[in-house]
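Just input18.tsv here, TSV, C-alpha atoms and all ligand atoms:
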chain	number	residue	atom	x	y	z
W	1	PRO	CA	3.16	152.09	89.16
W	2	LEU	CA	6.42	151.70	91.03
W	3	VAL	CA	6.32	154.00	94.06
W	4	SER	CA	8.49	154.69	97.08
W	5	LEU	CA	8.04	152.98	100.43
W	6	ARG	CA	7.53	156.44	101.95
W	7	GLN	CA	4.49	157.08	99.75
W	8	VAL	CA	2.82	153.79	100.66
W	9	LEU	CA	3.58	153.96	104.38
W	10	ASP	CA	2.58	157.64	104.72
W	11	HIS	CA	-0.87	156.64	103.46
W	12	ALA	CA	-0.92	153.62	105.78
W	13	ALA	CA	-0.13	155.89	108.73
W	14	ASP	CA	-2.82	158.41	107.75
W	15	TYR	CA	-5.44	155.68	107.59
W	16	GLY	CA	-4.15	153.44	110.39
W	17	TYR	CA	-3.32	150.20	108.57
W	18	GLY	CA	-0.27	147.99	107.98
W	19	VAL	CA	1.22	146.64	104.76
W	20	PRO	CA	2.76	143.17	104.55
W	21	ALA	CA	6.14	143.06	102.78
W	22	PHE	CA	6.62	139.67	101.15
W	23	ASN	CA	10.01	138.28	100.14
W	24	VAL	CA	10.38	137.21	96.51
W	25	ASN	CA	12.91	134.96	94.79
W	26	ASN	CA	11.06	133.67	91.74
W	27	LEU	CA	8.22	134.11	89.28
W	28	GLU	CA	5.65	132.08	91.20
W	29	GLN	CA	6.03	134.14	94.39
W	30	VAL	CA	5.70	137.40	92.46
W	31	GLN	CA	2.58	136.12	90.69
W	32	ALA	CA	0.97	134.91	93.93
W	33	ILE	CA	1.51	138.25	95.68
W	34	LEU	CA	0.27	140.33	92.76
W	35	GLN	CA	-2.80	138.14	92.21
W	36	ALA	CA	-3.67	138.53	95.91
W	37	ALA	CA	-3.09	142.29	95.89
W	38	ASP	CA	-5.18	142.68	92.76
W	39	ALA	CA	-8.02	140.61	94.22
W	40	THR	CA	-8.03	142.59	97.48
W	41	ASP	CA	-7.05	146.01	96.04
W	42	SER	CA	-3.97	146.40	98.26
W	43	PRO	CA	-0.74	148.32	97.85
W	44	VAL	CA	2.21	145.95	97.35
W	45	ILE	CA	5.67	145.72	98.88
W	46	LEU	CA	7.89	143.18	97.15
W	47	GLN	CA	11.25	142.68	98.80
W	48	ALA	CA	14.38	140.85	97.75
W	49	SER	CA	17.20	139.78	100.02
W	50	ALA	CA	20.83	139.41	99.04
W	51	GLY	CA	20.09	135.69	98.91
W	52	ALA	CA	17.28	136.33	96.42
W	53	ARG	CA	19.65	138.29	94.19
W	54	ARG	CA	22.15	135.44	94.32
W	55	TYR	CA	19.45	132.84	93.66
W	56	ALA	CA	17.63	134.48	90.77
W	57	GLY	CA	20.36	136.77	89.49
W	58	GLU	CA	19.79	140.49	89.58
W	59	ASN	CA	18.77	140.79	85.94
W	60	PHE	CA	16.04	138.20	86.31
W	61	LEU	CA	14.84	139.74	89.56
W	62	GLN	CA	14.77	143.19	88.02
W	63	LYS	CA	12.71	141.94	85.07
W	64	LEU	CA	10.28	140.10	87.35
W	65	ILE	CA	9.57	143.35	89.18
W	66	GLU	CA	9.28	145.27	85.93
W	67	ALA	CA	6.84	142.65	84.71
W	68	ALA	CA	4.77	143.02	87.88
W	69	VAL	CA	4.58	146.79	87.45
W	70	LYS	CA	3.69	146.47	83.77
W	71	SER	CA	1.09	143.75	84.34
W	72	TYR	CA	-0.65	145.57	87.21
W	73	PRO	CA	-0.39	149.27	86.25
W	74	HIS	CA	-3.28	150.19	88.56
W	75	LEU	CA	-1.52	148.92	91.72
W	76	LEU	CA	1.00	150.79	93.86
W	77	ILE	CA	4.13	148.61	93.98
W	78	VAL	CA	7.25	149.15	96.10
W	79	MET	CA	10.42	147.30	95.16
W	80	HIS	CA	12.50	147.02	98.32
W	81	GLN	CA	15.97	145.68	99.10
W	82	ASP	CA	15.68	143.56	102.26
W	83	HIS	CA	18.59	143.54	104.76
W	84	GLY	CA	21.20	145.42	102.74
W	85	THR	CA	24.47	144.68	104.54
W	86	THR	CA	26.55	147.53	103.10
W	87	PRO	CA	26.00	150.89	101.39
W	88	GLN	CA	27.32	149.24	98.20
W	89	VAL	CA	24.55	146.63	98.26
W	90	CYS	CA	21.99	149.42	98.65
W	91	ARG	CA	23.59	151.45	95.89
W	92	SER	CA	23.44	148.52	93.46
W	93	ALA	CA	19.77	147.97	94.36
W	94	MET	CA	19.07	151.63	93.52
W	95	ASP	CA	20.95	151.19	90.24
W	96	MET	CA	18.64	148.24	89.50
W	97	GLY	CA	15.65	150.53	90.00
W	98	PHE	CA	14.55	149.57	93.52
W	99	SER	CA	12.35	152.28	95.05
W	100	SER	CA	13.34	151.46	98.63
W	101	VAL	CA	16.34	149.97	100.40
W	102	MET	CA	17.03	148.62	103.86
W	103	MET	CA	20.44	149.43	105.26
W	104	ASP	CA	20.73	146.97	108.15
W	105	GLY	CA	23.58	148.58	110.03
W	106	SER	CA	22.65	146.76	113.22
W	107	LEU	CA	25.03	144.10	111.87
W	108	ARG	CA	28.52	144.33	110.36
W	109	GLU	CA	29.24	143.68	106.67
W	110	ASP	CA	29.10	139.91	107.18
W	111	GLY	CA	25.42	140.21	108.07
W	112	ALA	CA	26.00	138.28	111.30
W	113	THR	CA	28.21	140.16	113.73
W	114	PRO	CA	26.44	142.80	115.84
W	115	ALA	CA	27.58	146.33	115.00
W	116	ASP	CA	27.92	149.24	117.39
W	117	TYR	CA	25.62	152.26	117.33
W	118	ASP	CA	28.12	154.64	115.72
W	119	TYR	CA	28.79	152.26	112.83
W	120	ASN	CA	25.03	151.86	112.34
W	121	VAL	CA	24.50	155.62	112.22
W	122	ALA	CA	27.41	156.16	109.81
W	123	VAL	CA	26.42	153.58	107.18
W	124	THR	CA	22.70	154.34	107.42
W	125	ARG	CA	23.25	158.07	107.06
W	126	GLU	CA	25.43	157.46	104.02
W	127	VAL	CA	22.67	155.40	102.37
W	128	VAL	CA	19.97	157.98	103.21
W	129	GLN	CA	22.01	160.71	101.50
W	130	LEU	CA	22.39	158.62	98.36
W	131	ALA	CA	18.81	157.40	98.38
W	132	HIS	CA	16.92	160.59	99.11
W	133	ALA	CA	18.77	162.35	96.29
W	134	ARG	CA	17.20	159.72	93.99
W	135	GLY	CA	13.71	159.66	95.52
W	136	VAL	CA	14.36	156.26	97.10
W	137	SER	CA	13.19	155.46	100.66
W	138	VAL	CA	15.39	153.97	103.38
W	139	GLU	CA	14.62	151.53	106.18
W	140	GLY	CA	17.13	151.23	109.02
W	141	GLU	CA	17.28	148.79	111.92
W	142	LEU	CA	18.05	149.39	115.56
W	143	GLY	CA	18.24	146.53	118.00
W	144	CYS	CA	18.72	142.79	118.05
W	145	LEU	CA	15.83	140.54	117.06
W	146	GLY	CA	15.28	137.60	119.35
W	147	ARG	CA	13.04	135.78	121.75
W	148	LEU	CA	12.00	137.54	124.91
W	149	ASP	CA	11.17	134.28	126.72
W	150	THR	CA	14.53	132.54	126.30
W	151	GLY	CA	16.69	135.64	125.85
W	152	VAL	CA	18.24	134.18	122.70
W	153	GLY	CA	19.08	136.95	120.27
W	154	GLU	CA	19.65	136.02	116.69
W	155	ALA	CA	22.61	136.54	114.51
W	156	GLU	CA	20.33	137.50	111.63
W	157	ASP	CA	19.01	134.94	109.21
W	158	GLY	CA	20.65	131.92	110.74
W	159	VAL	CA	24.15	133.11	109.86
W	160	GLY	CA	26.56	132.63	112.73
W	161	ALA	CA	25.77	131.50	116.24
W	162	ASN	CA	22.83	132.79	118.22
W	163	ARG	CA	23.70	134.73	121.36
W	164	ALA	CA	22.38	134.95	124.86
W	165	LEU	CA	21.23	138.48	125.69
W	166	ASP	CA	19.64	140.43	128.49
W	167	HIS	CA	15.94	141.15	128.10
W	168	ASP	CA	16.72	144.85	127.54
W	169	GLU	CA	19.09	144.16	124.68
W	170	LEU	CA	16.26	142.45	122.82
W	171	LEU	CA	14.12	145.58	122.87
W	172	THR	CA	14.81	148.71	120.83
W	173	ASP	CA	15.33	151.68	123.14
W	174	PRO	CA	12.92	154.57	122.35
W	175	GLN	CA	15.38	157.34	123.18
W	176	GLN	CA	18.12	155.73	121.13
W	177	ALA	CA	15.58	155.37	118.31
W	178	ARG	CA	14.91	159.11	118.51
W	179	ALA	CA	18.61	159.92	118.30
W	180	PHE	CA	19.09	157.42	115.46
W	181	VAL	CA	16.30	158.91	113.36
W	182	ALA	CA	17.54	162.46	114.01
W	183	ALA	CA	21.05	161.47	112.92
W	184	THR	CA	20.11	159.39	109.87
W	185	GLN	CA	16.73	160.70	108.63
W	186	VAL	CA	15.50	157.18	107.80
W	187	ASP	CA	11.94	156.85	106.52
W	188	ALA	CA	11.26	153.59	108.32
W	189	LEU	CA	12.83	151.81	111.26
W	190	ALA	CA	12.90	148.07	111.99
W	191	ILE	CA	12.57	147.51	115.71
W	192	ALA	CA	13.21	144.61	118.08
W	193	ILE	CA	10.16	143.75	120.21
W	194	GLY	CA	10.39	139.97	120.42
W	195	THR	CA	10.15	138.67	116.85
W	196	SER	CA	12.82	136.57	115.17
W	197	HIS	CA	13.37	135.28	111.63
W	198	GLY	CA	12.51	131.85	110.33
W	199	ALA	CA	10.04	129.06	111.14
W	200	TYR	CA	11.26	128.35	114.68
W	201	LYS	CA	10.14	131.37	116.67
W	202	PHE	CA	8.35	129.88	119.70
W	203	SER	CA	8.55	126.32	120.99
W	204	SER	CA	5.12	126.31	122.68
W	205	PRO	CA	1.74	127.68	121.64
W	206	PRO	CA	1.54	131.40	122.39
W	207	THR	CA	-0.67	132.05	125.40
W	208	GLY	CA	-1.35	135.76	125.57
W	209	ALA	CA	1.07	138.40	124.35
W	210	VAL	CA	4.35	137.25	122.79
W	211	LEU	CA	5.52	140.71	121.70
W	212	ALA	CA	6.44	143.77	123.75
W	213	ILE	CA	3.51	145.84	122.50
W	214	ASP	CA	4.04	148.60	125.09
W	215	ARG	CA	7.48	149.10	123.63
W	216	VAL	CA	5.99	149.66	120.17
W	217	ARG	CA	3.84	152.43	121.60
W	218	GLU	CA	6.81	154.04	123.39
W	219	ILE	CA	8.95	153.95	120.26
W	220	HIS	CA	6.11	155.33	118.15
W	221	GLN	CA	5.68	158.23	120.60
W	222	ALA	CA	9.42	158.96	120.44
W	223	ILE	CA	9.55	158.94	116.59
W	224	PRO	CA	6.00	159.60	115.35
W	225	GLU	CA	7.10	160.55	111.82
W	226	THR	CA	9.08	157.36	111.25
W	227	HIS	CA	7.28	154.24	110.07
W	228	LEU	CA	7.90	151.20	112.26
W	229	VAL	CA	8.81	147.88	110.66
W	230	LEU	CA	8.37	144.42	112.11
W	231	HIS	CA	10.71	141.72	110.81
W	232	GLY	CA	10.17	138.04	111.54
W	233	SER	CA	6.38	138.42	111.32
W	234	SER	CA	5.36	135.07	109.90
W	235	SER	CA	2.52	133.45	111.80
W	236	VAL	CA	3.66	129.88	110.94
W	237	PRO	CA	0.11	128.55	110.51
W	238	GLN	CA	-0.33	125.16	112.18
W	239	GLU	CA	-2.45	123.89	109.28
W	240	LEU	CA	0.45	124.47	106.87
W	241	LEU	CA	2.88	122.66	109.18
W	242	GLU	CA	0.42	119.76	109.43
W	243	GLU	CA	0.05	119.57	105.67
W	244	VAL	CA	3.82	119.52	105.18
W	245	ARG	CA	4.11	116.72	107.76
W	246	ARG	CA	1.14	114.75	106.37
W	247	TYR	CA	2.87	114.54	103.01
W	248	GLY	CA	6.28	113.47	104.27
W	249	GLY	CA	7.91	116.70	105.46
W	250	GLU	CA	9.80	116.82	108.72
W	251	LEU	CA	9.23	119.99	110.72
W	252	LYS	CA	9.75	120.30	114.44
W	253	PRO	CA	6.93	121.65	116.63
W	254	THR	CA	6.92	125.44	116.30
W	255	TRP	CA	4.72	128.52	116.60
W	256	GLY	CA	4.89	131.95	114.99
W	257	VAL	CA	3.55	135.42	115.72
W	258	PRO	CA	-0.26	135.38	116.03
W	259	VAL	CA	-1.98	137.62	113.49
W	260	GLU	CA	-3.87	139.31	116.36
W	261	GLU	CA	-0.55	140.39	117.91
W	262	ILE	CA	0.43	142.01	114.63
W	263	GLN	CA	-2.95	143.74	114.47
W	264	ARG	CA	-2.25	145.21	117.92
W	265	ALA	CA	1.22	146.31	116.82
W	266	ILE	CA	-0.39	148.05	113.82
W	267	ARG	CA	-2.67	149.97	116.18
W	268	TYR	CA	0.44	151.26	117.95
W	269	GLY	CA	2.38	152.38	114.87
W	270	VAL	CA	3.79	149.40	112.96
W	271	ARG	CA	3.28	149.94	109.21
W	272	LYS	CA	5.47	147.40	107.36
W	273	ILE	CA	5.28	143.73	108.31
W	274	ASN	CA	7.91	141.38	106.86
W	275	ILE	CA	6.81	137.89	105.85
W	276	ASP	CA	8.88	135.23	104.10
W	277	THR	CA	8.54	131.96	106.04
W	278	ASP	CA	4.73	131.70	105.67
W	279	LEU	CA	4.99	131.74	101.86
W	280	ARG	CA	7.81	129.18	101.97
W	281	LEU	CA	5.61	126.90	104.06
W	282	ALA	CA	2.58	127.41	101.80
W	283	MET	CA	4.57	126.61	98.67
W	284	THR	CA	6.18	123.54	100.21
W	285	ALA	CA	2.89	122.20	101.58
W	286	ALA	CA	1.16	122.55	98.21
W	287	ILE	CA	3.96	120.92	96.24
W	288	ARG	CA	4.31	118.03	98.69
W	289	ARG	CA	0.57	117.46	98.58
W	290	HIS	CA	0.50	117.54	94.80
W	291	PHE	CA	3.32	114.99	94.48
W	292	ALA	CA	1.70	112.72	97.07
W	293	LEU	CA	-1.66	112.79	95.27
W	294	HIS	CA	-0.23	112.76	91.74
W	295	PRO	CA	2.94	110.65	91.84
W	296	ALA	CA	3.12	110.50	88.05
W	297	GLU	CA	3.26	114.29	87.70
W	298	PHE	CA	6.31	115.66	85.93
W	299	ASP	CA	5.07	118.90	84.37
W	300	PRO	CA	6.26	121.69	86.70
W	301	ARG	CA	3.14	123.68	85.89
W	302	GLY	CA	1.11	120.91	87.47
W	303	TYR	CA	2.61	121.44	90.92
W	304	LEU	CA	3.52	125.13	90.68
W	305	LYS	CA	-0.06	126.20	89.99
W	306	PRO	CA	-1.32	124.88	93.34
W	307	ALA	CA	1.79	126.38	94.94
W	308	ILE	CA	0.83	129.81	93.58
W	309	ALA	CA	-2.74	129.36	94.81
W	310	ALA	CA	-1.56	128.39	98.31
W	311	MET	CA	0.76	131.42	98.57
W	312	ARG	CA	-1.94	133.69	97.18
W	313	ALA	CA	-4.35	132.55	99.91
W	314	VAL	CA	-1.81	133.50	102.62
W	315	CYS	CA	-1.21	136.90	101.00
W	316	GLU	CA	-4.93	137.66	100.72
W	317	ALA	CA	-5.45	136.74	104.37
W	318	ARG	CA	-2.65	139.12	105.46
W	319	TYR	CA	-3.84	141.97	103.21
W	320	GLU	CA	-7.27	141.63	104.83
W	321	ALA	CA	-6.01	141.20	108.40
W	322	PHE	CA	-3.56	144.12	108.30
W	323	GLY	CA	-6.11	146.47	106.72
W	324	SER	CA	-4.32	147.24	103.47
W	325	ALA	CA	-7.09	145.55	101.45
W	326	GLY	CA	-9.15	148.20	99.73
W	327	GLN	CA	-6.38	150.80	100.01
W	328	GLY	CA	-4.72	150.17	96.64
G	401	LIG	O1	15.13	138.22	106.59
G	401	LIG	C1	15.37	137.30	105.82
G	401	LIG	C2	14.43	136.84	104.80
G	401	LIG	O2	13.62	135.80	105.30
G	401	LIG	C3	15.17	136.44	103.57
G	401	LIG	O3	15.80	135.21	103.71
G	401	LIG	O4	18.20	135.62	103.15
G	401	LIG	O5	17.19	133.32	102.95
G	401	LIG	O6	16.59	135.15	101.33
G	401	LIG	P1	17.02	134.82	102.72
G	402	LIG	P1	9.81	135.58	108.67
G	402	LIG	O1	10.95	134.61	108.68
G	402	LIG	O2	9.07	135.58	109.96
G	402	LIG	O3	8.90	135.34	107.51
G	402	LIG	O4	10.43	137.05	108.52
G	402	LIG	C1	10.90	137.52	107.26
G	402	LIG	C2	11.68	138.80	107.37
G	402	LIG	O5	11.75	139.46	108.40
G	402	LIG	C3	12.37	139.26	106.14
G	402	LIG	O6	13.14	140.40	106.35
G	403	NA	NA	19.42	143.68	114.31
G	404	ZN	ZN	14.16	140.55	108.24
Please go through the file and, once you have read it, give me the structure as structure tokens.
Amino acid sequence: PLVSLRQVLDHAADYGYGVPAFNVNNLEQVQAILQAADATDSPVILQASAGARRYAGENFLQKLIEAAVKSYPHLLIVMHQDHGTTPQVCRSAMDMGFSSVMMDGSLREDGATPADYDYNVAVTREVVQLAHARGVSVEGELGCLGRLDTGVGEAEDGVGANRALDHDELLTDPQQARAFVAATQVDALAIAIGTSHGAYKFSSPPTGAVLAIDRVREIHQAIPETHLVLHGSSSVPQELLEEVRRYGGELKPTWGVPVEEIQRAIRYGVRKINIDTDLRLAMTAAIRRHFALHPAEFDPRGYLKPAIAAMRAVCEARYEAFGSAGQG
């Protein structure tokens, strides 16, 4: 059934595991995620960005989710709005039947300009009031995602120019997190501890810790009832990059967040782990491979079936690694 994010993450907290939240834009992604969750008996968080709603159209997206819930009635499924930029976006997601919304008030309405703390509190609180009255969960965000090594903070999702920041600005402050949760009553909070969106996270292989794990623990101690969320959590598997390149793709050298780092973050209180890039890479690698090996192919089912299988393999690996397998 369709359930709230709060329900799924409360259970994850009680039993000490994390749940990957995969971005969806189309049928094949939804099928891959649900097949993997079914095979591993995991709760499911499907999330759609504003870009996904533009790409698929909200009616199609809504029906894809409904189809997932109907086809897998035995699985717990959360339908989550990713990076809502305004209360209106969150309201329309609730009207579409989403069981969870993210109000990302760390940025202004354009989704790129950093917002001040008071603005963030005001819009997030407004969404929580609307959402909780309807049994819908809310994720907020406090802090600026970005790389701790270079000090480059992102204007989210590649919109706008990246900015140079002090190390401290790239880490969510635990005391501010406590005040933010008290003022807004969010169910979950996205924190900045060194992750960033997209394929290009680190320009050399990670040696040792790439995330500020101590900061996760400090934030968790400050807001123990609030579920911590890690955006930008793709691991950017080297074998997928190599496959894309082998079959004609051009990707620069890059590294993602090691799965072991995420497992450590889960031990210290992270419960929702956002992944989009890894499924994009898996789909692209499989389709490129298929076209290279079968140049005469022109039935979309011929290349989309291996794409589903490749995404499903990534999802199963994350369900197992984060401990949500067997918890459905
Ligand atoms: O956080 C962003 C997600 O990767 C979604 O990306 O806005 O291109 O759909 P998108
Ligand atoms: P990745 O780009 O690392 O997959 O992160 C996705 C994300 O945070 C969606 O909100
Ligand atoms: Na932010
Ligand atoms: Zn994100």
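Among the candidates W:Gly194, W:Pro253, W:Gly326, W:Gly269, the one nearest to ligand LIG 402 (chain G) when counting all atoms listed in the file is W:Gly194.
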Which distance in Å separates CA of Thr150 in chain W and atom P1 of ligand LIG 401 (chain G), to one decimal?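 Going from CA of Thr150 in chain W over to atom P1 of ligand LIG 401 (chain G), I get 23.8 Å.
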For CA of Lys201 in chain W and CA of Ala48 in chain W, determine how far apart the two atoms are, in Å to one decimal place. 21.6 Å
Pick from W:Leu230, W:Leu27, W:Met79, W:Leu64, whichever lies nearest to ligand LIG 401 (chain G) using all atoms listed in the file: W:Leu230
Could you tell me, counting only C-alpha atoms and all ligand atoms, which protein and nucleic acid residues lie no more than 10 Å from ligand ZN 404 (chain G), written as number ranges by chain? W: 23, 49, 82-83, 102, 104, 141, 145, 156-157, 190, 195-198, 229-233, 273-276
Could I get the residues of chain W with an atom no further than 10 Å from an atom of ligand NA 403 (chain G), each paired with its nearest atom pair and that distance in Å to one decimal, using all atoms listed in the file, sorted by chain and residue number, as a Markdown table?
| residue | atom | partner | partner_atom | distance |
| --- | --- | --- | --- | --- |
| W:His83 | CA | G:NA403 | NA | 9.6 |
| W:Asp104 | CA | G:NA403 | NA | 7.1 |
| W:Gly105 | CA | G:NA403 | NA | 7.7 |
| W:Ser106 | CA | G:NA403 | NA | 4.6 |
| W:Leu107 | CA | G:NA403 | NA | 6.1 |
| W:Arg108 | CA | G:NA403 | NA | 9.9 |
| W:Gly111 | CA | G:NA403 | NA | 9.3 |
| W:Ala112 | CA | G:NA403 | NA | 9.0 |
| W:Thr113 | CA | G:NA403 | NA | 9.5 |
| W:Pro114 | CA | G:NA403 | NA | 7.2 |
| W:Ala115 | CA | G:NA403 | NA | 8.6 |
| W:Gly140 | CA | G:NA403 | NA | 9.5 |
| W:Glu141 | CA | G:NA403 | NA | 6.0 |
| W:Leu142 | CA | G:NA403 | NA | 6.0 |
| W:Gly143 | CA | G:NA403 | NA | 4.8 |
| W:Cys144 | CA | G:NA403 | NA | 3.9 |
| W:Leu145 | CA | G:NA403 | NA | 5.5 |
| W:Gly146 | CA | G:NA403 | NA | 8.9 |
| W:Gly153 | CA | G:NA403 | NA | 9.0 |
| W:Glu154 | CA | G:NA403 | NA | 8.0 |
| W:Ala155 | CA | G:NA403 | NA | 7.8 |
| W:Glu156 | CA | G:NA403 | NA | 6.8 |
| W:Leu170 | CA | G:NA403 | NA | 9.2 |
| W:Thr172 | CA | G:NA403 | NA | 9.4 |
| W:Ala190 | CA | G:NA403 | NA | 8.2 |
| W:Ile191 | CA | G:NA403 | NA | 8.0 |
| W:Ala192 | CA | G:NA403 | NA | 7.3 |
| W:Ser196 | CA | G:NA403 | NA | 9.7 |
| W:His231 | CA | G:NA403 | NA | 9.6 |
Produce a file of the selected residues containing C-alpha atoms, as a tab-separated table (two decimals), keeping the file's coordinate frame.
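Now in out.tsv:
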chain	number	residue	atom	x	y	z
W	83	HIS	CA	18.59	143.54	104.76
W	104	ASP	CA	20.73	146.97	108.15
W	105	GLY	CA	23.58	148.58	110.03
W	106	SER	CA	22.65	146.76	113.22
W	107	LEU	CA	25.03	144.10	111.87
W	108	ARG	CA	28.52	144.33	110.36
W	111	GLY	CA	25.42	140.21	108.07
W	112	ALA	CA	26.00	138.28	111.30
W	113	THR	CA	28.21	140.16	113.73
W	114	PRO	CA	26.44	142.80	115.84
W	115	ALA	CA	27.58	146.33	115.00
W	140	GLY	CA	17.13	151.23	109.02
W	141	GLU	CA	17.28	148.79	111.92
W	142	LEU	CA	18.05	149.39	115.56
W	143	GLY	CA	18.24	146.53	118.00
W	144	CYS	CA	18.72	142.79	118.05
W	145	LEU	CA	15.83	140.54	117.06
W	146	GLY	CA	15.28	137.60	119.35
W	153	GLY	CA	19.08	136.95	120.27
W	154	GLU	CA	19.65	136.02	116.69
W	155	ALA	CA	22.61	136.54	114.51
W	156	GLU	CA	20.33	137.50	111.63
W	170	LEU	CA	16.26	142.45	122.82
W	172	THR	CA	14.81	148.71	120.83
W	190	ALA	CA	12.90	148.07	111.99
W	191	ILE	CA	12.57	147.51	115.71
W	192	ALA	CA	13.21	144.61	118.08
W	196	SER	CA	12.82	136.57	115.17
W	231	HIS	CA	10.71	141.72	110.81
With all atoms listed in the file as the atoms that count, which of W:Val69, W:Ala12, W:Met96, W:Ala309 lies nearest to Arg53 in chain W?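 Comparing W:Val69, W:Ala12, W:Met96, W:Ala309 against Arg53 in chain W, the winner is W:Met96.
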Selection: 12 Å around Tyr319 in chain W, only C-alpha atoms, excl. self and same-chain fewer than 3 positions, as a PyMOL selection string: chain W and resi 17-22+33-45+259+263+272-273+275+312-316+322-328
Can you work out the spacing between CA of Arg301 in chain W and atom O5 of ligand LIG 402 (chain G) in Å, to one decimal? 28.8 Å
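Comparing W:Ser234, W:Thr86, W:Gln221, W:Gln185 by their smallest distance to ligand LIG 402 (chain G), the closest is W:Ser234 (using all atoms listed in the file).
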Kindly indicate which residue among W:Val244, W:Met94, W:Leu228, W:Leu279 lies nearest to ligand LIG 401 (chain G), using only C-alpha atoms and all ligand atoms for the distances.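 Selected residue with least distance to ligand LIG 401 (chain G): W:Leu279.
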If I wrap all listed atoms of ligand LIG 401 (chain G) in a box with edges along x, y and z and add 5 Å on each side, what are its centre and edge lengths in Å to one decimal, as JSON?
{"center_x": 15.9, "center_y": 135.8, "center_z": 104.0, "size_x": 14.6, "size_y": 14.9, "size_z": 15.3}
Using all atoms listed in the file, which residues sit within 12 Å of Gly248 in chain W once same-chain residues fewer than 4 positions away are excluded, as a ChimeraX atom specification? /W:241-244,284-285,287-292
Just checking: using all atoms listed in the file, which residue out of W:Val127, W:Ala56, W:Leu165, W:Ile262 ends up closest to ligand LIG 401 (chain G)? W:Ala56
Excluding Arg6 in chain W and any residue of its chain fewer than 6 positions from it, enumerate the residues within 9 Å of it, using all atoms listed in the file, and give them as a JSON list (two decimals) with C-alpha atoms, in the frame of the given file.
[["chain", "number", "residue", "atom", "x", "y", "z"],
["W", 100, "SER", "CA", 13.34, 151.46, 98.63],
["W", 136, "VAL", "CA", 14.36, 156.26, 97.10],
["W", 137, "SER", "CA", 13.19, 155.46, 100.66],
["W", 138, "VAL", "CA", 15.39, 153.97, 103.38],
["W", 187, "ASP", "CA", 11.94, 156.85, 106.52],
["W", 188, "ALA", "CA", 11.26, 153.59, 108.32],
["W", 227, "HIS", "CA", 7.28, 154.24, 110.07]]
10 Å contact set for Arg178 in chain W, only C-alpha atoms, chain neighbours under 2 positions out, as JSON, numbers by chain: {"W": [173, 174, 175, 176, 180, 181, 182, 183, 219, 220, 221, 222, 223, 224, 226]}
